[in-house]
Amino acid sequence: MTQIDSPSSSGGSAAHPVSLRVLVIVIATLLALTGLTVAAASADLGAAGIWIALLIAMAKASLVVLYFMHLRYESLFYAVILTCALFLMVTFMAIALMDSAAYQSDIYPPPAVLSS
Amino acid sequence: MEPGTAWAVPKAVAPGVTNMLQSTHSLCTTLASFWVPPRASSHAAEIDHSLLFLYVVSLFFFALIIALMVYFAVRYRRRGPEDQARSQTSHSTVLELVWAIPPIVIVLVAFYVGLMGFLRISSAKANAVEVKVRAYQWAWEFEYPNGYKDAQLHLPVDEPVKLVLTSDDVIHSLFIPAFRLKRDVVPGRYNKLWFTATKVGEYPLLCSEYCGTRHSRMITKVVVHGRGEYEAWLTEASKAPLEALPGPMYEKWKQLRTAEDMDAFLAELRQSDAAMADSAAKLEPPTITGERLYRRFGCYQCHSTDGSRQTGPSFQGLWNRQRVFRDGGEQRADEDYIRRSIMDPGGQVVETYQGVMPTYKGRVTDRQIDALVSFIRSLESTQSQPGQ
Amino acid sequence: MATSNAQSLTPTVDASPIRDNYLTYRRGVMSWLFTLDHKRIGVMYLVGVLFAFFLGGIFALLIRTELISAGDTLMDADMYNQVFTLHGVVMVFMFIIPGIPATLGNFFLPIMLGAKDVAFPRLNLLSWWLFIIGAIVALTSVVGLDTGWTLYTPYSTGTAAGGSHAMMGVIPVTAGAFIMGFSSILTGVNFIATIHMLRPRGMTWFRMPLMLWSLYATGVIQILATPVLGITLLLLIADRGFGLGIFDPAKGGDPILYQHFFWFYSHPAVYIMILPAMGIISEVVSTHSHKHIFGYKFIAFSSLAIALLGMFVWGHHMFVSGQSDIANAVFSFLTFAVAIPSAIKVFNWLATMYKGSIDLGAPMLYAMSFIWVFTIGGLTGVFLGSLGPNIHLHDTYFVVAHFHYVMVGGTVFAFMSGLHHWWPKMFGRLYSQRGAMVGWLLVFVGFNLTFFPQFVLGGHGMPRRYHDWGPQIMRELGFEAQVNLFGHLHLISSIGSYVQAIGFLIVAGVLVHALFRGRRSPDNPWGSPTLEWTCSSPPPHDNFATAPVVGDPYDMTGLVYDRQTQGYVRRGAGAGSHGG
């Protein structure tokens with residue numbers, strides 16, 4: 001079996017149970033935000049709609065990561081790692097979408113499906 | 001030293017230097033021809049110079065690295081199990097900079113040069129001759145400014161050209177090695193290219209994005225015409241004498257078999273309509289016309305004429321054979337069958353074949369179909385053939 | 001900086017038969033299939049990965065034989081298209097991506113680190129099982145898939161007319177690759193966790209051997225990039241199975257979007273392939289030159305730089321797809337940037353050889369030929385990263401030659417080097433140097449003969465994935481000269497492939513023969529200073545009988561040849577007290 005001789009880098013914290021009170025508050029908030037999502041989806045918010053939905057989703061994801069996944073109580077190292085991964089994802093999406101936007105003017109209506 | 005002699009030495013040496021430069025240049029050209037075909041477009045020179053720069057740099061570094069490696073391996077060869085290394089020096093920041101900085105400079109130069117070469121073909125040029133390119137499995141179709149369509153790409157020399165590329169089905173890629181030209185051809189979207197052909201001649205044009213079974217046969221050619229000849233070609237080719245023939249004469253043309261018949265036909269036509277006769281002079285008998293169209297429309301890609309089974313059935317011996325379809329229906333391969341197969345191939349697919357033939361509706365005229373029928377009819381087998 | 005643990009590490013000289021090692025620890029098939037020992041898992045991976053190499057090699061020989069003459073030599077176009085697709089799928093997903101990390105990495109990472117096992121041994125076993133299951137799923141479509149391993153849409157979604165109709169092709173292979181992707185991710189997680197958490201006292205980051213730095217960088221890529229491939233493959237299956245139309249222009253989708261998704265993983269994937277290979281070269285070159293590695297920190301940071309920069313260059317596979325000029329420029333620039341750390345490594349390896357005491361046995365021969373072929377492969381990558389030349393060279397045989405030079409020449413040669421370097425440690429047997437050298441020579445010569453002509457082929461315009469280099473149409477159009485040129489070059493290339501094949505068979509024979517008839521190996525036959533050579537050959541079940549003493553991993557002082565065991569031992573004060 002593996003034996004850990006000594007934690008030699010930024011070690012994890014000892015087991016830290018999150019209090020029931022905190023968990024209940026978080027899940028209540030999440031449920032409220034879900035209600036908000038449904039409401040936002042039904043209402044016609046125009047162009048802002050997608051941004052509002054994304055904001056609510058980000059809020060919910062942050063609550064899950066910070067409390068349910070314990071990131072708030074861990075060392076900063078893990079937050080840095082997560083941020084780097086998010087940065088990578090954002091860069092990828094940005095470049096792909098920017099590129100696709102650049103050739104939108106060259107797209108024509110889809111050709112009729114040929115007989116096959 | 002007398003005044004005036006200062007230039008004596010350079011003057012004496014100059015022809016020698018020029019000779020040396022010239023032979024270096026021809027040496028480079030010869031060496032280059034080992035790696036790339038002769039160039040025939042305006043931006044090809046820029047790309048070839050990039051290639052040459054990278055080639056020289058690569059050769060230098062490769063030779064340096066290998067020479068050092070082999071030299072060290074021999075010079076510092078282990079002489080026995082107790083042999084020790086002559087030194088255990090393990091770092092030198094100076095050295096690290098020495099071998100990091102020149103490569104950085106070189107790649108910056110290479111990046112810039114490469115970028116410039118690329119931008120040439122993606123930046124619009126005024127007064128470009130525009131040809132629409134349609135790629136489909138597995139052939140090319142080029143539509144010229146006057147609406148004429150051909151299976152080969154004809155271009156004027158020394159004039160800017162714009163190609164507008166689109167695909168009917170999957171991603172293809174237009175590649176003309178002699179022009180150092182390539183661009184993917186994507187369905188649902190137009191990609192554009194600008195370039196100028198600089199040498200009269202004929203060059204291969206290949207598909208370079210894998211697109212299925214006959215990807216390696218999706219080849220045609222580029223014909224670059226000399227000054228003033230491109231217009232002449234286009235006018236001639238665009239003439240559709242077949243379409244212009246009046247009805248009764250057309251019926252007569254359909255019966256033609258031999259060259260003598262053709263002469264008699266043209267003589268008769270000249271008596272009634274001299275102008276018509278002039279354009280009709282390019283006409284050939286129906287079977288020959290049909291064969292030309294068989295090539296032009298890319299039928300040859302899938303239908304052989306020697307009886308061998310390809311993606312589609314062979315045309316040899318097809319005429320009047322009983323066809324059995326995948327859904328169980330049957331029909332004799334007569335004129336009506338051939339016409340329907342061209343316009344709506346998916347409607348009746350012969351058993352054991354895939355329904356992959358594209359439709360030619362809107363691309364082929366009724367008279368052209370007549371010519372094709374005539375051609376197919378002429379391929380009645382003279383011997384028994386393998387089952388299709 | 002002296003460590004407090006001053007225990008000397010003079011092992012007793014022991015020439016008795018191998019006993020009490022990881023191979024003999026428990027017996028029976030079950031003790032292997034459900035082992036938690038990283039060494040056994042590494043050996044099981046080795047068997048799987050070498051089988052995949054053999055299978056992919058058969059496909060390669062079929063391809064080269066087909067291309068020996070014009071027309072249908074062995075098979076028709078449809079069969080050829082399936083064979084080259086499967087060659088790619090098997091070689092990429094089943095051989096080269098697991099490749100070095102799962103075999104040599106699994107075996108040696110904990111030992112080189114000074115640990116008893118990886119951080120998550122059960123996860124390690126799961127990785128192996130996922131690899132096997134994924135491979136089996138993918139291979140259920142041994143024939144059928146004909147899209148190329150890159151699975152470009154809309155051909156692969158089959159929604160376009162004329163798209164790939166083989167129902168038995170896309171979905172099994174995609175599902176299999178998806179499963180194998182998890183194997184890769186979990187290996188990366190394990191390695192990173194192990195390196196962070198299981199370093200013994202005294203083993204600082206800069207006292208780790210460079211092999212571990214490479215494996216760490218590889219793990220980072222595995223974790224960041226592979227999930228994107230997983231999602232891409234799921235989207236592909238959804239598009240094909242349910243006709244969603246994400247990538248189908250007829251439904252408003254974008255076929256180029258697929259390429260962005262696919263290459264976002266598949267470009268970093270090539271760094272998964274090459275970084276561990278470079279790690280091996282660092283170890284082999286320093287050991288077999290009996291010299292401290294030159295530029296340790298530069299090599300270590302270069303590995304990280306390659307991993308990070310390599311995440312941002314995927315667009316260089318799409319320069320001619322219609323990608324915007326700005327994206328093209330950015331990708332080209334970063335592609336050049338990522339070439340620099342690799343160059344730095346090559347120069348550092350050369351500097352390591354300088355004034356060393358170079359032993360030209362099989363491991364070193366493979367390492368030196370790695371430098372030869374990787375230099376060519378890397379330099380030709382610069383050709384392709386340059387936008388102008390890329391127009392001409394993209395999707396031609398030049399690209400095929402380039403990536404075979406870096407993947408086969410690079411990764412496979414380094415893998416061979418590592419196998420020959422560590423075989424005595426893994427199995428306790430020495431192989432015949434002469435036999436190994438014959439194998440090496442044939443592989444090296446055959447490899448160059450196979451792939452160098454392909455640079456010329458590509459320059460002259462021969463596209464890739466062509467079933468026939470001399471179709472009738474070329475002659476009809478009047479291009480006889482081109483066809484003849486293509487034919488000659490393909491002939492040379494195919495002959496080279498047979499030479500290579502024979503070489504690999506000889507290598508296999510030599511190594512397998514050593515397992516049964518090889519002379520027993522001492523603990524340290526090469527005189528290497530890293531930790532894995534301080535334990536027995538083969539290593540004991542829990543790696544170290546006593547806790548290892550950690551110092552500069554490349555400190556050669558005190559390593560002397562012991563005539564009795566014909567190996568090297570560390571004597572005197574040289575035992576590990578030097579700073580990093």
# chains A, B, ... in the order shown; residues from 1 in each chain; ligands from 1

call {"tool": "closest_atom_pairs", "arguments": {"of": "chain B", "to": "chain A", "cutoff": "7 Å", "atoms": "only C-alpha atoms", "output": "JSON lines"}}
result
{"residue": "B:Gly188", "atom": "CA", "partner": "A:Pro110", "partner_atom": "CA", "distance": 5.5}
{"residue": "B:Arg189", "atom": "CA", "partner": "A:Ile107", "partner_atom": "CA", "distance": 4.2}
{"residue": "B:Tyr190", "atom": "CA", "partner": "A:Asp106", "partner_atom": "CA", "distance": 5.1}
{"residue": "B:Gly346", "atom": "CA", "partner": "A:Ser115", "partner_atom": "CA", "distance": 5.4}
{"residue": "B:Gly355", "atom": "CA", "partner": "A:Ser116", "partner_atom": "CA", "distance": 5.1}
{"residue": "B:Val356", "atom": "CA", "partner": "A:Ser116", "partner_atom": "CA", "distance": 5.4}
{"residue": "B:Pro358", "atom": "CA", "partner": "A:Leu114", "partner_atom": "CA", "distance": 6.8}

call {"tool": "interface_residues", "arguments": {"of": "chain B", "to": "chain C", "cutoff": "7 Å", "atoms": "only C-alpha atoms", "output": "PyMOL selection string"}}
result
chain B and resi 35-37+47+50-51+54+58+62+66+69+72-73+76-78+81-88+90-91+99-100+103-104+107+110-111+114-115+117-118+169-170+177+180-184+187-188+191+208-211+213-217+221+356

call {"tool": "closest_residue", "arguments": {"among": "C:Gly202, C:Gly410, C:Gly176, C:Pro538", "to": "chain A", "atoms": "only C-alpha atoms"}}
result
C:Gly202

call {"tool": "residues_around", "arguments": {"residues": "C:Gly42", "least_positions_apart": "6", "cutoff": "6 Å", "atoms": "only C-alpha atoms", "output": "list of chain:residue names"}}
result
C:Thr103, C:Asn106, C:Phe107

call {"tool": "write_last_selection", "arguments": {"atoms": "C-alpha atoms", "output": "short mmCIF file (atom, residue, chain, number, x, y, z; two decimals), in the first residue's frame"}}
result
data_model
loop_
_atom_site.label_atom_id
_atom_site.label_comp_id
_atom_site.auth_asym_id
_atom_site.auth_seq_id
_atom_site.Cartn_x
_atom_site.Cartn_y
_atom_site.Cartn_z
CA THR C 103 4.75 1.61 -19.53
CA ASN C 106 4.26 3.68 -14.53
CA PHE C 107 7.17 1.37 -13.80
#

call {"tool": "residues_around", "arguments": {"residues": "stretch 65-68 of chain A", "least_positions_apart": "6", "cutoff": "8 Å", "atoms": "only C-alpha atoms", "output": "list in words"}}
result
Val18, Leu23 and Val26 of chain A

call {"tool": "residues_around", "arguments": {"residues": "C:Gly418", "least_positions_apart": "3", "cutoff": "8 Å", "atoms": "only C-alpha atoms", "output": "mmCIF file with all heavy atoms, in the first residue's frame"}}
result
data_model
loop_
_atom_site.group_PDB
_atom_site.id
_atom_site.type_symbol
_atom_site.label_atom_id
_atom_site.label_comp_id
_atom_site.auth_asym_id
_atom_site.auth_seq_id
_atom_site.Cartn_x
_atom_site.Cartn_y
_atom_site.Cartn_z
ATOM 1 N N LEU C 104 6.919 2.684 -19.231
ATOM 2 C CA LEU C 104 8.105 3.053 -18.465
ATOM 3 C C LEU C 104 7.768 4.061 -17.371
ATOM 4 O O LEU C 104 8.351 4.039 -16.286
ATOM 5 C CB LEU C 104 9.178 3.604 -19.409
ATOM 6 C CG LEU C 104 9.660 2.596 -20.461
ATOM 7 C CD1 LEU C 104 10.558 3.268 -21.486
ATOM 8 C CD2 LEU C 104 10.387 1.448 -19.784
ATOM 9 N N ILE C 280 13.262 10.428 -21.440
ATOM 10 C CA ILE C 280 14.136 9.249 -21.547
ATOM 11 C C ILE C 280 15.500 9.653 -22.082
ATOM 12 O O ILE C 280 16.543 9.219 -21.589
ATOM 13 C CB ILE C 280 13.508 8.194 -22.475
ATOM 14 C CG1 ILE C 280 12.237 7.635 -21.854
ATOM 15 C CG2 ILE C 280 14.501 7.075 -22.761
ATOM 16 C CD1 ILE C 280 11.564 6.589 -22.711
ATOM 17 N N ILE C 281 15.495 10.485 -23.111
ATOM 18 C CA ILE C 281 16.766 10.870 -23.723
ATOM 19 C C ILE C 281 17.659 11.571 -22.704
ATOM 20 O O ILE C 281 18.872 11.337 -22.652
ATOM 21 C CB ILE C 281 16.535 11.752 -24.961
ATOM 22 C CG1 ILE C 281 15.717 11.005 -26.006
ATOM 23 C CG2 ILE C 281 17.855 12.217 -25.549
ATOM 24 C CD1 ILE C 281 16.354 9.728 -26.495
ATOM 25 N N VAL C 284 19.113 8.768 -20.582
ATOM 26 C CA VAL C 284 20.045 7.881 -21.280
ATOM 27 C C VAL C 284 21.327 8.609 -21.646
ATOM 28 O O VAL C 284 22.433 8.090 -21.466
ATOM 29 C CB VAL C 284 19.362 7.282 -22.535
ATOM 30 C CG1 VAL C 284 20.368 6.562 -23.405
ATOM 31 C CG2 VAL C 284 18.257 6.340 -22.114
ATOM 32 N N PRO C 363 21.335 1.501 -25.931
ATOM 33 C CA PRO C 363 20.557 2.665 -25.480
ATOM 34 C C PRO C 363 21.096 3.978 -26.047
ATOM 35 O O PRO C 363 20.328 4.834 -26.486
ATOM 36 C CB PRO C 363 20.698 2.633 -23.954
ATOM 37 C CG PRO C 363 21.055 1.238 -23.629
ATOM 38 C CD PRO C 363 21.827 0.721 -24.784
ATOM 39 N N ALA C 414 13.048 6.821 -28.929
ATOM 40 C CA ALA C 414 13.291 7.059 -27.502
ATOM 41 C C ALA C 414 12.734 5.899 -26.680
ATOM 42 O O ALA C 414 13.322 5.489 -25.678
ATOM 43 C CB ALA C 414 12.650 8.368 -27.073
ATOM 44 N N PHE C 415 11.602 5.388 -27.088
ATOM 45 C CA PHE C 415 11.013 4.237 -26.408
ATOM 46 C C PHE C 415 11.961 3.051 -26.476
ATOM 47 O O PHE C 415 12.213 2.369 -25.477
ATOM 48 C CB PHE C 415 9.669 3.914 -27.058
ATOM 49 C CG PHE C 415 8.813 2.938 -26.313
ATOM 50 C CD1 PHE C 415 8.765 2.925 -24.941
ATOM 51 C CD2 PHE C 415 8.021 2.024 -27.007
ATOM 52 C CE1 PHE C 415 7.954 2.028 -24.257
ATOM 53 C CE2 PHE C 415 7.204 1.131 -26.330
ATOM 54 C CZ PHE C 415 7.172 1.127 -24.952
ATOM 55 N N HIS C 421 17.602 0.529 -22.193
ATOM 56 C CA HIS C 421 18.269 1.070 -21.001
ATOM 57 C C HIS C 421 17.731 0.398 -19.739
ATOM 58 O O HIS C 421 18.496 0.032 -18.841
ATOM 59 C CB HIS C 421 18.015 2.576 -20.965
ATOM 60 C CG HIS C 421 18.598 3.310 -19.806
ATOM 61 N ND1 HIS C 421 19.952 3.451 -19.596
ATOM 62 C CD2 HIS C 421 18.000 3.967 -18.782
ATOM 63 C CE1 HIS C 421 20.154 4.173 -18.508
ATOM 64 N NE2 HIS C 421 18.980 4.497 -17.987
ATOM 65 N N TRP C 422 16.403 0.214 -19.674
ATOM 66 C CA TRP C 422 15.785 -0.268 -18.451
ATOM 67 C C TRP C 422 15.406 -1.745 -18.469
ATOM 68 O O TRP C 422 14.897 -2.240 -17.460
ATOM 69 C CB TRP C 422 14.537 0.576 -18.142
ATOM 70 C CG TRP C 422 14.860 1.876 -17.468
ATOM 71 C CD1 TRP C 422 15.578 2.046 -16.323
ATOM 72 C CD2 TRP C 422 14.467 3.173 -17.889
ATOM 73 N NE1 TRP C 422 15.655 3.373 -16.004
ATOM 74 C CE2 TRP C 422 14.970 4.099 -16.948
ATOM 75 C CE3 TRP C 422 13.713 3.668 -18.959
ATOM 76 C CZ2 TRP C 422 14.765 5.472 -17.051
ATOM 77 C CZ3 TRP C 422 13.502 5.034 -19.063
ATOM 78 C CH2 TRP C 422 14.035 5.915 -18.113
ATOM 79 N N TRP C 423 15.605 -2.412 -19.591
ATOM 80 C CA TRP C 423 15.246 -3.823 -19.653
ATOM 81 C C TRP C 423 15.941 -4.624 -18.537
ATOM 82 O O TRP C 423 15.294 -5.429 -17.859
ATOM 83 C CB TRP C 423 15.606 -4.383 -21.028
ATOM 84 C CG TRP C 423 14.914 -5.644 -21.429
ATOM 85 C CD1 TRP C 423 15.420 -6.906 -21.430
ATOM 86 C CD2 TRP C 423 13.579 -5.766 -21.939
ATOM 87 N NE1 TRP C 423 14.498 -7.802 -21.890
ATOM 88 C CE2 TRP C 423 13.354 -7.131 -22.216
ATOM 89 C CE3 TRP C 423 12.544 -4.850 -22.178
ATOM 90 C CZ2 TRP C 423 12.155 -7.608 -22.731
ATOM 91 C CZ3 TRP C 423 11.348 -5.328 -22.686
ATOM 92 C CH2 TRP C 423 11.160 -6.703 -22.951
#

call {"tool": "select_by_dssp", "arguments": {"residues": "stretch 9-61 of chain A", "states": "alpha helix (DSSP H)", "output": "MDAnalysis selection string"}}
result
chainID A and resid 20:42 48:61

call {"tool": "atom_distance", "arguments": {"atom1": "atom CA of C:Arg40", "atom2": "atom CA of C:Tyr22"}}
result
7.4 Å

call {"tool": "residues_around", "arguments": {"residues": "C:Ile237", "least_positions_apart": "4", "cutoff": "7 Å", "atoms": "only C-alpha atoms", "output": "number ranges by chain"}}
result
C: 171, 233, 241

call {"tool": "closest_residue", "arguments": {"among": "C:Leu215, C:Val43, C:Leu224, C:Leu151", "to": "chain A", "atoms": "only C-alpha atoms"}}
result
C:Leu224

call {"tool": "atom_distance", "arguments": {"atom1": "atom CA of B:Thr196", "atom2": "atom CA of B:His49"}}
result
17.4 Å

call {"tool": "atom_distance", "arguments": {"atom1": "atom CA of C:Ile231", "atom2": "atom CA of A:Ile27"}}
result
28.5 Å

call {"tool": "residues_around", "arguments": {"residues": "A:Phe92", "least_positions_apart": "6", "cutoff": "10 Å", "atoms": "only C-alpha atoms", "output": "list of chain:residue names"}}
result
A:Leu86, A:Met98, C:His260, C:Phe261, C:Phe264, C:Met311, C:Phe312, C:Trp314
